[in-house]
>>> print(open('final32.csv').read())   # CSV, C-alpha atoms and all ligand atoms
chain,number,residue,atom,x,y,z
A,24,MET,CA,-8.0,8.1,-16.9
A,25,SER,CA,-6.9,5.0,-15.0
A,26,ALA,CA,-3.4,4.7,-13.5
A,27,ILE,CA,-4.1,1.0,-13.1
A,28,GLU,CA,-6.5,-1.2,-15.0
A,29,VAL,CA,-6.7,-4.9,-14.1
A,30,THR,CA,-9.0,-7.4,-15.7
A,31,SER,CA,-9.3,-11.1,-14.6
A,32,LEU,CA,-5.8,-11.2,-13.1
A,33,LYS,CA,-4.8,-14.7,-12.1
A,34,LYS,CA,-1.8,-16.1,-10.3
A,35,TYR,CA,-1.6,-19.6,-8.9
A,36,TYR,CA,1.3,-21.1,-6.9
A,37,GLY,CA,0.8,-24.8,-7.8
A,38,GLN,CA,-2.6,-25.6,-6.5
A,39,LEU,CA,-2.8,-22.4,-4.4
A,40,LYS,CA,-5.0,-19.8,-5.9
A,41,ALA,CA,-3.1,-16.7,-4.6
A,42,VAL,CA,-4.9,-14.3,-7.0
A,43,ASP,CA,-8.0,-15.7,-8.5
A,44,GLU,CA,-9.4,-13.6,-11.4
A,45,ILE,CA,-9.6,-10.2,-9.9
A,46,SER,CA,-10.5,-7.0,-11.6
A,47,PHE,CA,-10.2,-3.4,-10.4
A,48,SER,CA,-8.9,0.0,-11.5
A,49,LEU,CA,-7.2,3.0,-9.9
A,50,THR,CA,-8.3,6.4,-11.2
A,51,GLN,CA,-5.4,8.8,-11.7
A,52,GLY,CA,-4.8,11.0,-8.7
A,53,GLN,CA,-6.7,8.8,-6.3
A,54,ILE,CA,-5.9,6.3,-3.6
A,55,LEU,CA,-7.0,2.7,-3.9
A,56,SER,CA,-6.6,0.5,-0.8
A,57,LEU,CA,-6.5,-3.2,-1.0
A,58,LEU,CA,-7.5,-4.7,2.3
A,59,GLY,CA,-7.4,-8.3,3.3
A,60,PRO,CA,-6.2,-10.8,6.0
A,61,ASN,CA,-2.8,-12.5,5.9
A,62,GLY,CA,-2.4,-14.6,2.8
A,63,ALA,CA,-5.2,-12.9,0.9
A,64,GLY,CA,-3.0,-12.3,-2.1
A,65,LYS,CA,-2.3,-8.6,-1.7
A,66,THR,CA,1.5,-8.7,-2.1
A,67,THR,CA,1.3,-11.1,-5.0
A,68,THR,CA,-1.0,-8.6,-6.7
A,69,VAL,CA,1.3,-5.7,-5.9
A,70,GLU,CA,4.3,-7.5,-7.2
A,71,ILE,CA,2.6,-8.4,-10.4
A,72,LEU,CA,1.6,-4.7,-10.9
A,73,GLU,CA,5.1,-3.6,-10.2
A,74,GLY,CA,6.5,-6.0,-12.9
A,75,LEU,CA,8.4,-8.1,-10.4
A,76,ARG,CA,6.3,-11.2,-10.8
A,77,GLU,CA,4.8,-12.8,-13.9
A,78,ARG,CA,1.0,-13.4,-14.0
A,79,ASP,CA,-0.6,-16.6,-15.2
A,80,SER,CA,-3.3,-14.7,-17.1
A,81,GLY,CA,-5.3,-11.4,-17.2
A,82,ASP,CA,-5.0,-8.0,-18.7
A,83,ILE,CA,-3.1,-5.3,-16.9
A,84,LYS,CA,-2.2,-1.8,-17.7
A,85,VAL,CA,-0.1,0.3,-15.3
A,86,LEU,CA,0.3,3.8,-16.5
A,87,GLY,CA,-0.7,2.4,-19.9
A,88,MET,CA,2.1,-0.2,-19.8
A,89,ASP,CA,2.2,-4.0,-19.4
A,90,PRO,CA,4.3,-4.3,-16.2
A,91,TRP,CA,6.0,-7.6,-17.2
A,92,ARG,CA,6.9,-6.7,-20.8
A,93,GLU,CA,7.7,-3.0,-20.2
A,94,GLY,CA,9.1,-3.2,-16.7
A,95,TYR,CA,12.2,-1.2,-17.4
A,96,LYS,CA,10.2,1.8,-18.7
A,97,LEU,CA,7.6,1.4,-15.9
A,98,HIS,CA,10.1,1.4,-13.1
A,99,ARG,CA,11.2,4.9,-13.9
A,100,LYS,CA,7.7,6.1,-13.3
A,101,ILE,CA,6.6,4.3,-10.2
A,102,GLY,CA,7.7,4.6,-6.5
A,103,VAL,CA,7.6,1.4,-4.4
A,104,ILE,CA,7.8,0.5,-0.7
A,105,PRO,CA,8.0,-3.3,-0.5
A,106,GLN,CA,6.4,-5.0,2.4
A,107,GLY,CA,8.9,-5.1,5.3
A,108,PHE,CA,11.2,-2.5,3.6
A,109,ARG,CA,14.9,-2.8,4.6
A,110,PHE,CA,18.1,-1.1,3.6
A,111,PHE,CA,21.9,-1.5,4.3
A,112,ASP,CA,22.4,-1.5,8.0
A,113,LYS,CA,25.3,0.9,8.0
A,114,ALA,CA,23.9,3.5,5.5
A,115,THR,CA,22.4,6.8,6.6
A,116,PRO,CA,19.1,8.2,5.1
A,117,ARG,CA,21.1,10.8,3.3
A,118,GLU,CA,23.4,8.2,1.8
A,119,ALA,CA,20.4,6.0,0.9
A,120,VAL,CA,18.7,8.9,-1.0
A,121,LYS,CA,21.9,9.7,-2.9
A,122,TYR,CA,22.3,6.0,-3.7
A,123,TYR,CA,18.8,5.8,-5.2
A,124,ALA,CA,19.3,9.0,-7.1
A,125,ASP,CA,22.4,7.5,-8.7
A,126,LEU,CA,20.5,4.4,-9.6
A,127,PHE,CA,17.8,6.4,-11.3
A,128,ASN,CA,20.4,8.8,-12.7
A,129,VAL,CA,18.5,11.8,-11.4
A,130,LYS,CA,19.7,14.9,-9.5
A,131,VAL,CA,17.9,15.5,-6.1
A,132,ASP,CA,18.4,17.4,-3.0
A,133,PRO,CA,18.5,14.6,-0.3
A,134,ASP,CA,17.7,17.1,2.5
A,135,GLN,CA,14.7,18.3,0.7
A,136,ILE,CA,13.4,14.8,0.2
A,137,LEU,CA,14.1,13.9,3.8
A,138,ARG,CA,12.3,17.0,4.9
A,139,GLU,CA,9.2,16.0,2.9
A,140,VAL,CA,8.9,12.8,4.9
A,141,LEU,CA,9.8,14.4,8.2
A,142,LEU,CA,13.1,12.5,8.5
A,143,GLU,CA,15.5,15.4,8.3
A,144,ASP,CA,16.5,15.2,12.0
A,145,SER,CA,17.7,11.6,11.5
A,146,ARG,CA,19.4,12.1,8.2
A,147,SER,CA,22.8,11.0,9.6
A,148,THR,CA,21.6,8.0,11.7
A,149,ILE,CA,22.6,4.7,10.3
A,150,PHE,CA,19.7,2.5,9.2
A,151,GLU,CA,20.1,-0.1,11.9
A,152,ASN,CA,19.7,2.6,14.6
A,153,LEU,CA,16.5,4.1,13.0
A,154,SER,CA,13.2,3.4,14.7
A,155,GLY,CA,10.6,1.3,12.9
A,156,GLY,CA,8.7,4.5,11.9
A,157,GLN,CA,11.9,6.2,10.7
A,158,LYS,CA,12.7,3.2,8.6
A,159,GLN,CA,9.3,3.4,6.9
A,160,LYS,CA,9.7,7.1,6.3
A,161,LEU,CA,13.0,6.3,4.7
A,162,GLY,CA,11.2,3.9,2.5
A,163,LEU,CA,8.8,6.7,1.5
A,164,ALA,CA,11.7,9.0,0.9
A,165,LEU,CA,13.3,6.5,-1.5
A,166,ALA,CA,10.0,6.0,-3.3
A,167,LEU,CA,10.0,9.8,-3.9
A,168,VAL,CA,13.5,10.0,-5.5
A,169,ASN,CA,12.5,9.4,-9.1
A,170,ASN,CA,9.5,11.8,-8.8
A,171,PRO,CA,7.0,9.1,-9.6
A,172,GLU,CA,3.3,9.6,-10.7
A,173,LEU,CA,2.2,6.3,-9.1
A,174,PHE,CA,3.1,4.7,-5.8
A,175,PHE,CA,2.8,1.2,-4.6
A,176,LEU,CA,2.8,1.1,-0.8
A,177,ASP,CA,2.6,-2.4,0.6
A,178,GLU,CA,1.7,-2.1,4.3
A,179,PRO,CA,3.6,1.1,4.8
A,180,THR,CA,2.5,1.5,8.4
A,181,THR,CA,2.5,-2.0,9.8
A,182,GLY,CA,4.1,-2.1,13.2
A,183,LEU,CA,4.3,1.7,13.6
A,184,ASP,CA,3.2,3.5,16.7
A,185,PRO,CA,0.1,5.7,16.2
A,186,GLN,CA,2.2,8.9,15.9
A,187,ALA,CA,4.5,7.5,13.3
A,188,ARG,CA,1.5,6.1,11.4
A,189,ARG,CA,-0.1,9.5,11.3
A,190,THR,CA,3.1,11.0,9.9
A,191,VAL,CA,3.1,8.4,7.1
A,192,TRP,CA,-0.6,9.3,6.5
A,193,GLU,CA,0.3,13.0,6.2
A,194,VAL,CA,2.9,12.2,3.6
A,195,ILE,CA,0.5,10.0,1.7
A,196,THR,CA,-2.1,12.7,1.8
A,197,SER,CA,0.3,15.3,0.5
A,198,LEU,CA,1.3,13.0,-2.3
A,199,LYS,CA,-2.3,12.8,-3.3
A,200,LYS,CA,-2.6,16.6,-3.2
A,201,GLN,CA,0.2,16.8,-5.7
A,202,GLY,CA,-2.0,14.7,-8.1
A,203,ARG,CA,-0.1,11.4,-7.7
A,204,SER,CA,-1.9,8.0,-7.6
A,205,ILE,CA,-1.5,5.6,-4.8
A,206,PHE,CA,-2.0,1.9,-4.5
A,207,LEU,CA,-2.0,1.1,-0.8
A,208,THR,CA,-2.3,-2.3,1.0
A,209,THR,CA,-3.0,-2.2,4.7
A,210,HIS,CA,-4.3,-4.2,7.6
A,211,TYR,CA,-5.5,-1.1,9.2
A,212,LEU,CA,-9.1,-0.4,8.4
A,213,GLU,CA,-9.0,3.0,10.0
A,214,GLU,CA,-6.2,3.8,7.6
A,215,ALA,CA,-8.2,2.7,4.5
A,216,GLU,CA,-11.2,4.6,5.8
A,217,LYS,CA,-9.3,7.8,6.3
A,218,LEU,CA,-7.1,7.8,3.1
A,219,ALA,CA,-8.7,5.7,0.4
A,220,ASP,CA,-11.1,7.0,-2.3
A,221,GLU,CA,-11.8,3.4,-3.2
A,222,VAL,CA,-11.4,0.2,-1.2
A,223,ALA,CA,-11.2,-3.4,-2.4
A,224,ILE,CA,-11.5,-6.2,0.1
A,225,MET,CA,-9.6,-9.3,-0.8
A,226,ASN,CA,-9.9,-12.7,0.7
A,227,LYS,CA,-8.4,-16.0,-0.5
A,228,GLY,CA,-7.4,-14.6,-3.8
A,229,LYS,CA,-10.7,-13.0,-4.7
A,230,ILE,CA,-12.1,-9.4,-4.3
A,231,ILE,CA,-15.2,-9.9,-2.3
A,232,ALA,CA,-16.3,-6.3,-2.1
A,233,SER,CA,-15.3,-2.9,-3.5
A,234,GLY,CA,-16.4,0.7,-3.5
A,235,THR,CA,-15.8,3.9,-1.6
A,236,PRO,CA,-15.6,3.4,2.1
A,237,GLN,CA,-19.0,5.0,2.5
A,238,GLU,CA,-20.6,2.8,-0.2
A,239,LEU,CA,-19.2,-0.4,1.6
A,240,ILE,CA,-20.6,0.8,4.9
A,241,ASN,CA,-23.9,1.6,3.3
A,242,THR,CA,-24.1,-1.8,1.5
A,243,TYR,CA,-22.8,-4.1,4.2
A,244,GLY,CA,-23.2,-2.2,7.4
A,245,SER,CA,-26.0,-2.8,9.9
A,246,GLY,CA,-27.6,0.5,9.1
A,247,LYS,CA,-27.0,1.8,12.6
A,248,ARG,CA,-26.8,5.6,12.7
A,249,GLN,CA,-26.9,6.5,16.3
A,250,VAL,CA,-24.9,9.2,17.9
A,251,MET,CA,-22.3,7.0,19.5
A,252,VAL,CA,-22.4,3.8,17.4
A,253,THR,CA,-22.0,3.9,13.6
A,254,ASP,CA,-20.8,1.3,11.2
A,255,SER,CA,-17.2,1.5,10.2
A,256,LEU,CA,-15.2,-0.2,7.5
A,257,GLU,CA,-14.1,-2.5,10.2
A,258,ASP,CA,-17.6,-3.8,10.8
A,259,VAL,CA,-17.9,-4.4,7.1
A,260,PHE,CA,-14.7,-6.3,7.0
A,261,VAL,CA,-15.6,-8.6,10.0
A,262,LYS,CA,-19.0,-9.3,8.3
A,263,LEU,CA,-17.4,-10.2,5.0
A,264,VAL,CA,-14.2,-12.0,6.2
A,265,GLY,CA,-15.5,-13.4,9.5
A,266,THR,CA,-12.6,-12.3,11.7
A,267,PRO,CA,-11.1,-8.9,12.6
A,268,ILE,CA,-7.7,-8.2,11.0
A,269,GLU,CA,-5.0,-8.9,13.6
A,270,ASP,CA,-3.3,-5.6,14.1
A,271,GLU,CA,-1.6,-5.4,17.5
A,272,GLY,CA,-4.5,-3.9,19.4
A,273,GLU,CA,-5.3,-1.1,17.0
A,274,ASN,CA,-8.8,-2.5,16.6
A,275,ILE,CA,-9.3,-2.4,20.3
A,276,ASP,CA,-8.1,1.2,20.4
A,277,SER,CA,-10.3,2.3,17.5
A,278,LYS,CA,-13.3,0.6,19.1
A,279,LYS,CA,-12.6,2.5,22.4
A,280,LYS,CA,-12.9,5.7,20.5
A,281,LYS,CA,-16.3,4.9,19.2
A,301,LIG,N1,6.6,-17.3,-4.0
A,301,LIG,C1,5.5,-18.0,-3.5
A,301,LIG,N2,5.4,-19.4,-3.6
A,301,LIG,C2,4.4,-20.1,-3.2
A,301,LIG,N3,3.4,-19.5,-2.5
A,301,LIG,C3,3.4,-18.2,-2.3
A,301,LIG,C4,4.5,-17.4,-2.7
A,301,LIG,N4,4.3,-16.1,-2.4
A,301,LIG,C5,3.1,-16.1,-1.7
A,301,LIG,N5,2.6,-17.4,-1.6
A,301,LIG,C6,1.3,-17.7,-1.0
A,301,LIG,O1,0.3,-17.0,-1.7
A,301,LIG,C7,-0.7,-16.6,-0.8
A,301,LIG,C8,-0.8,-15.1,-0.9
A,301,LIG,O2,0.3,-14.5,-0.4
A,301,LIG,P1,0.5,-12.9,-0.4
A,301,LIG,O3,1.9,-12.6,0.1
A,301,LIG,O4,0.2,-12.4,-1.7
A,301,LIG,O5,-0.6,-12.5,0.7
A,301,LIG,P2,-0.8,-11.1,1.5
A,301,LIG,O6,-2.3,-10.7,1.3
A,301,LIG,O7,0.2,-10.1,1.0
A,301,LIG,O8,-0.6,-11.4,3.0
A,301,LIG,P3,0.1,-10.5,4.2
A,301,LIG,O9,-1.1,-9.7,4.7
A,301,LIG,O10,0.4,-11.6,5.2
A,301,LIG,O11,1.2,-9.8,3.7
A,301,LIG,C9,-0.3,-17.1,0.6
A,301,LIG,O12,-1.0,-18.3,0.9
A,301,LIG,C10,1.2,-17.3,0.4
A,301,LIG,O13,1.7,-18.4,1.3
A,302,MG,MG,1.6,-9.0,1.9
>>> encode(input="final32.csv", output="structure tokens", more="lines below")
Ligand SMILES: Nc1ncnc2c1ncn2[C@@H]1O[C@H](COP(=O)(O)OP(=O)(O)OP(=O)(O)O)[C@@H](O)[C@H]1O
Ligand SMILES: [Mg+2]
Amino acid sequence: MSAIEVTSLKKYYGQLKAVDEISFSLTQGQILSLLGPNGAGKTTTVEILEGLRERDSGDIKVLGMDPWREGYKLHRKIGVIPQGFRFFDKATPREAVKYYADLFNVKVDPDQILREVLLEDSRSTIFENLSGGQKQKLGLALALVNNPELFFLDEPTTGLDPQARRTVWEVITSLKKQGRSIFLTTHYLEEAEKLADEVAIMNKGKIIASGTPQELINTYGSGKRQVMVTDSLEDVFVKLVGTPIEDEGENIDSKKKK
């Protein structure tokens, strides 16, 4: 069964074709990663799926619901980390989790939730004093409060150091193990390759390639299969989009390892 089903989704901002007739699906219990350069249309797509933005046309079902018409019902079943997540500067993670629990009218153990995202040690640090990675982990913690079956994570690891990124990956992997579905946008090809069951590459509003990471490598890669040099999702991306994704040196690091 599909957690998300999208057919011919379109959203223009005036003349700008932000999302230009895209179709894809996310199978329940899997991770779908939407990859693409700045301005590709990823956040616009995510916001439409979350019911925050109205589409021009196309059919969408998210957990069987139309996100725009049934937003209120849907919001109880999804967990969201918006791009560039922020919270009140003076609130602590513990207070933030309690606040969210009140909003959703659910009872949770804040310490247990903060433990799940490895943020327990900073539970009493005010938001403005948390590191970038800790802030993102708080975003994940808040997304967990209503025990959702589907998560929308819009660039959850952008700007994080490698260790913090790995912690977020661990949390995402454990969510998947619990049978939850995850829609993940990222600039990090290594992240998509590691986590995603399915990848869709988006450019200028269109999905230009999709499949499992291995299928994409098999289809668009150079076919090199030597001991030291193998195709990666990054090679596929550069071939399709023309330029590597700018990602603060991560590409260089990942190339060094190969
Ligand atoms: N509210 C808006 N009004 C007008 N144009 C918009 C609006 N939101 C986004 N856009 C434009 O739509 C295009 C797609 O933007 P979007 O934020 O969906 O891209 P993205 O793939 O998430 O990029 P990034 O990787 O930088 O987050 C961009 O050209 C952007 O300038
Ligand atoms: Mg975005």
>>> closest_residue(input="final32.csv", among="A:Val259, A:Ala223, A:Leu218, A:Ala41", to="ligand MG 302 (chain A)", atoms="all atoms listed in the file")
A:Ala41
>>> residues_near_ligand(input="final32.csv", ligand="ligand LIG 301 (chain A)", cutoff="10 Å", atoms="only C-alpha atoms and all ligand atoms", output="PyMOL selection string")
chain A and resi 34-42+57-71+76+106-107+177-178+181+208-210+225-228+268-269
>>> closest_residue(input="final32.csv", among="A:Ser204, A:Gln135, A:Ile104, A:Ala166", to="ligand MG 302 (chain A)", atoms="all atoms listed in the file")
A:Ile104
>>> closest_residue(input="final32.csv", among="A:Ala215, A:Phe174, A:Leu167, A:Phe108", to="ligand MG 302 (chain A)", atoms="only C-alpha atoms and all ligand atoms")
A:Phe108
>>> closest_residue(input="final32.csv", among="A:Glu213, A:Leu173, A:Pro116, A:Arg138", to="Trp192 in chain A", atoms="only C-alpha atoms")
A:Glu213
>>> atom_distance(input="final32.csv", atom1="CA of Ile149 in chain A", atom2="CA of Ile195 in chain A")
24.3 Å
>>> residues_around(input="final32.csv", residues="Leu263 in chain A", least_positions_apart="3", cutoff="10 Å", atoms="only C-alpha atoms", output="list in words")
Ile224, Met225, Asn226, Ile231, Ala232, Tyr243, Glu257, Asp258, Val259, Phe260, Thr266 and Pro267 of chain A
>>> residues_around(input="final32.csv", residues="Tyr122 in chain A", least_positions_apart="3", cutoff="12 Å", atoms="only C-alpha atoms", output="JSON, numbers by chain")
{"A": [110, 111, 114, 115, 116, 117, 118, 119, 125, 126, 127, 128, 129, 130, 131, 133, 164, 165, 168, 169]}
>>> closest_residue(input="final32.csv", among="A:Asn170, A:Leu75, A:Leu49, A:Thr30", to="Tyr95 in chain A", atoms="only C-alpha atoms")
A:Leu75
>>> closest_residue(input="final32.csv", among="A:Pro105, A:Gln186, A:Lys113, A:Lys229", to="ligand MG 302 (chain A)", atoms="all atoms listed in the file")
A:Pro105
>>> atom_distance(input="final32.csv", atom1="CA of Glu238 in chain A", atom2="CA of Glu73 in chain A")
28.3 Å
>>> atom_distance(input="final32.csv", atom1="CA of Gly244 in chain A", atom2="CA of Tyr211 in chain A")
17.8 Å
>>> residues_around(input="final32.csv", residues="Gln159 in chain A", least_positions_apart="5", cutoff="8 Å", atoms="only C-alpha atoms", output="list in words")
Phe108, Pro179, Thr180 and Val191 of chain A
>>> write_last_selection(input="final32.csv", atoms="C-alpha atoms", output="PDB file, keeping the file's coordinate frame")
ATOM      1  CA  PHE A 108      11.200  -2.500   3.600  1.00  0.00           C
ATOM      2  CA  PRO A 179       3.600   1.100   4.800  1.00  0.00           C
ATOM      3  CA  THR A 180       2.500   1.500   8.400  1.00  0.00           C
ATOM      4  CA  VAL A 191       3.100   8.400   7.100  1.00  0.00           C
TER       5      VAL A 191
END
>>> residues_around(input="final32.csv", residues="Lys200 in chain A", least_positions_apart="3", cutoff="12 Å", atoms="only C-alpha atoms", output="PyMOL selection string")
chain A and resi 51-54+172+193-197+203-205+218
>>> decode(input="final32.csv", residues="range 217-257 of chain A", atoms="C-alpha atoms", output="PDB file, in the first residue's frame")
ATOM      1  CA  LYS A 217      22.482   5.096   2.419  1.00  0.00           C
ATOM      2  CA  LEU A 218      18.913   5.595   3.573  1.00  0.00           C
ATOM      3  CA  ALA A 219      16.517   5.601   0.666  1.00  0.00           C
ATOM      4  CA  ASP A 220      14.646   2.640  -0.801  1.00  0.00           C
ATOM      5  CA  GLU A 221      13.633   4.846  -3.726  1.00  0.00           C
ATOM      6  CA  VAL A 222      15.149   8.042  -5.053  1.00  0.00           C
ATOM      7  CA  ALA A 223      13.594  10.658  -7.325  1.00  0.00           C
ATOM      8  CA  ILE A 224      15.863  13.275  -8.850  1.00  0.00           C
ATOM      9  CA  MET A 225      14.126  16.589  -9.430  1.00  0.00           C
ATOM     10  CA  ASN A 226      15.355  19.474 -11.561  1.00  0.00           C
ATOM     11  CA  LYS A 227      13.487  22.628 -12.600  1.00  0.00           C
ATOM     12  CA  GLY A 228      10.147  21.275 -11.428  1.00  0.00           C
ATOM     13  CA  LYS A 229      10.417  17.909 -13.162  1.00  0.00           C
ATOM     14  CA  ILE A 230      11.419  14.454 -11.980  1.00  0.00           C
ATOM     15  CA  ILE A 231      14.162  13.517 -14.389  1.00  0.00           C
ATOM     16  CA  ALA A 232      15.011  10.073 -13.002  1.00  0.00           C
ATOM     17  CA  SER A 233      13.745   7.703 -10.354  1.00  0.00           C
ATOM     18  CA  GLY A 234      14.330   4.221  -9.011  1.00  0.00           C
ATOM     19  CA  THR A 235      16.303   2.491  -6.296  1.00  0.00           C
ATOM     20  CA  PRO A 236      19.797   3.947  -5.812  1.00  0.00           C
ATOM     21  CA  GLN A 237      21.234   0.821  -7.453  1.00  0.00           C
ATOM     22  CA  GLU A 238      18.851   1.014 -10.421  1.00  0.00           C
ATOM     23  CA  LEU A 239      19.878   4.625 -11.041  1.00  0.00           C
ATOM     24  CA  ILE A 240      23.525   3.716 -10.843  1.00  0.00           C
ATOM     25  CA  ASN A 241      22.988   0.800 -13.206  1.00  0.00           C
ATOM     26  CA  THR A 242      21.013   2.913 -15.685  1.00  0.00           C
ATOM     27  CA  TYR A 243      22.940   6.175 -15.658  1.00  0.00           C
ATOM     28  CA  GLY A 244      26.341   5.192 -14.327  1.00  0.00           C
ATOM     29  CA  SER A 245      29.389   4.693 -16.497  1.00  0.00           C
ATOM     30  CA  GLY A 246      29.447   0.972 -15.841  1.00  0.00           C
ATOM     31  CA  LYS A 247      32.773   1.105 -14.054  1.00  0.00           C
ATOM     32  CA  ARG A 248      33.107  -1.714 -11.587  1.00  0.00           C
ATOM     33  CA  GLN A 249      36.706  -1.617 -10.464  1.00  0.00           C
ATOM     34  CA  VAL A 250      37.944  -2.208  -6.985  1.00  0.00           C
ATOM     35  CA  MET A 251      38.558   1.435  -6.129  1.00  0.00           C
ATOM     36  CA  VAL A 252      36.297   3.324  -8.503  1.00  0.00           C
ATOM     37  CA  THR A 253      32.603   2.560  -8.698  1.00  0.00           C
ATOM     38  CA  ASP A 254      29.686   4.688  -9.753  1.00  0.00           C
ATOM     39  CA  SER A 255      27.811   6.404  -7.000  1.00  0.00           C
ATOM     40  CA  LEU A 256      24.510   8.207  -6.911  1.00  0.00           C
ATOM     41  CA  GLU A 257      26.584  11.382  -7.037  1.00  0.00           C
TER      42      GLU A 257
END
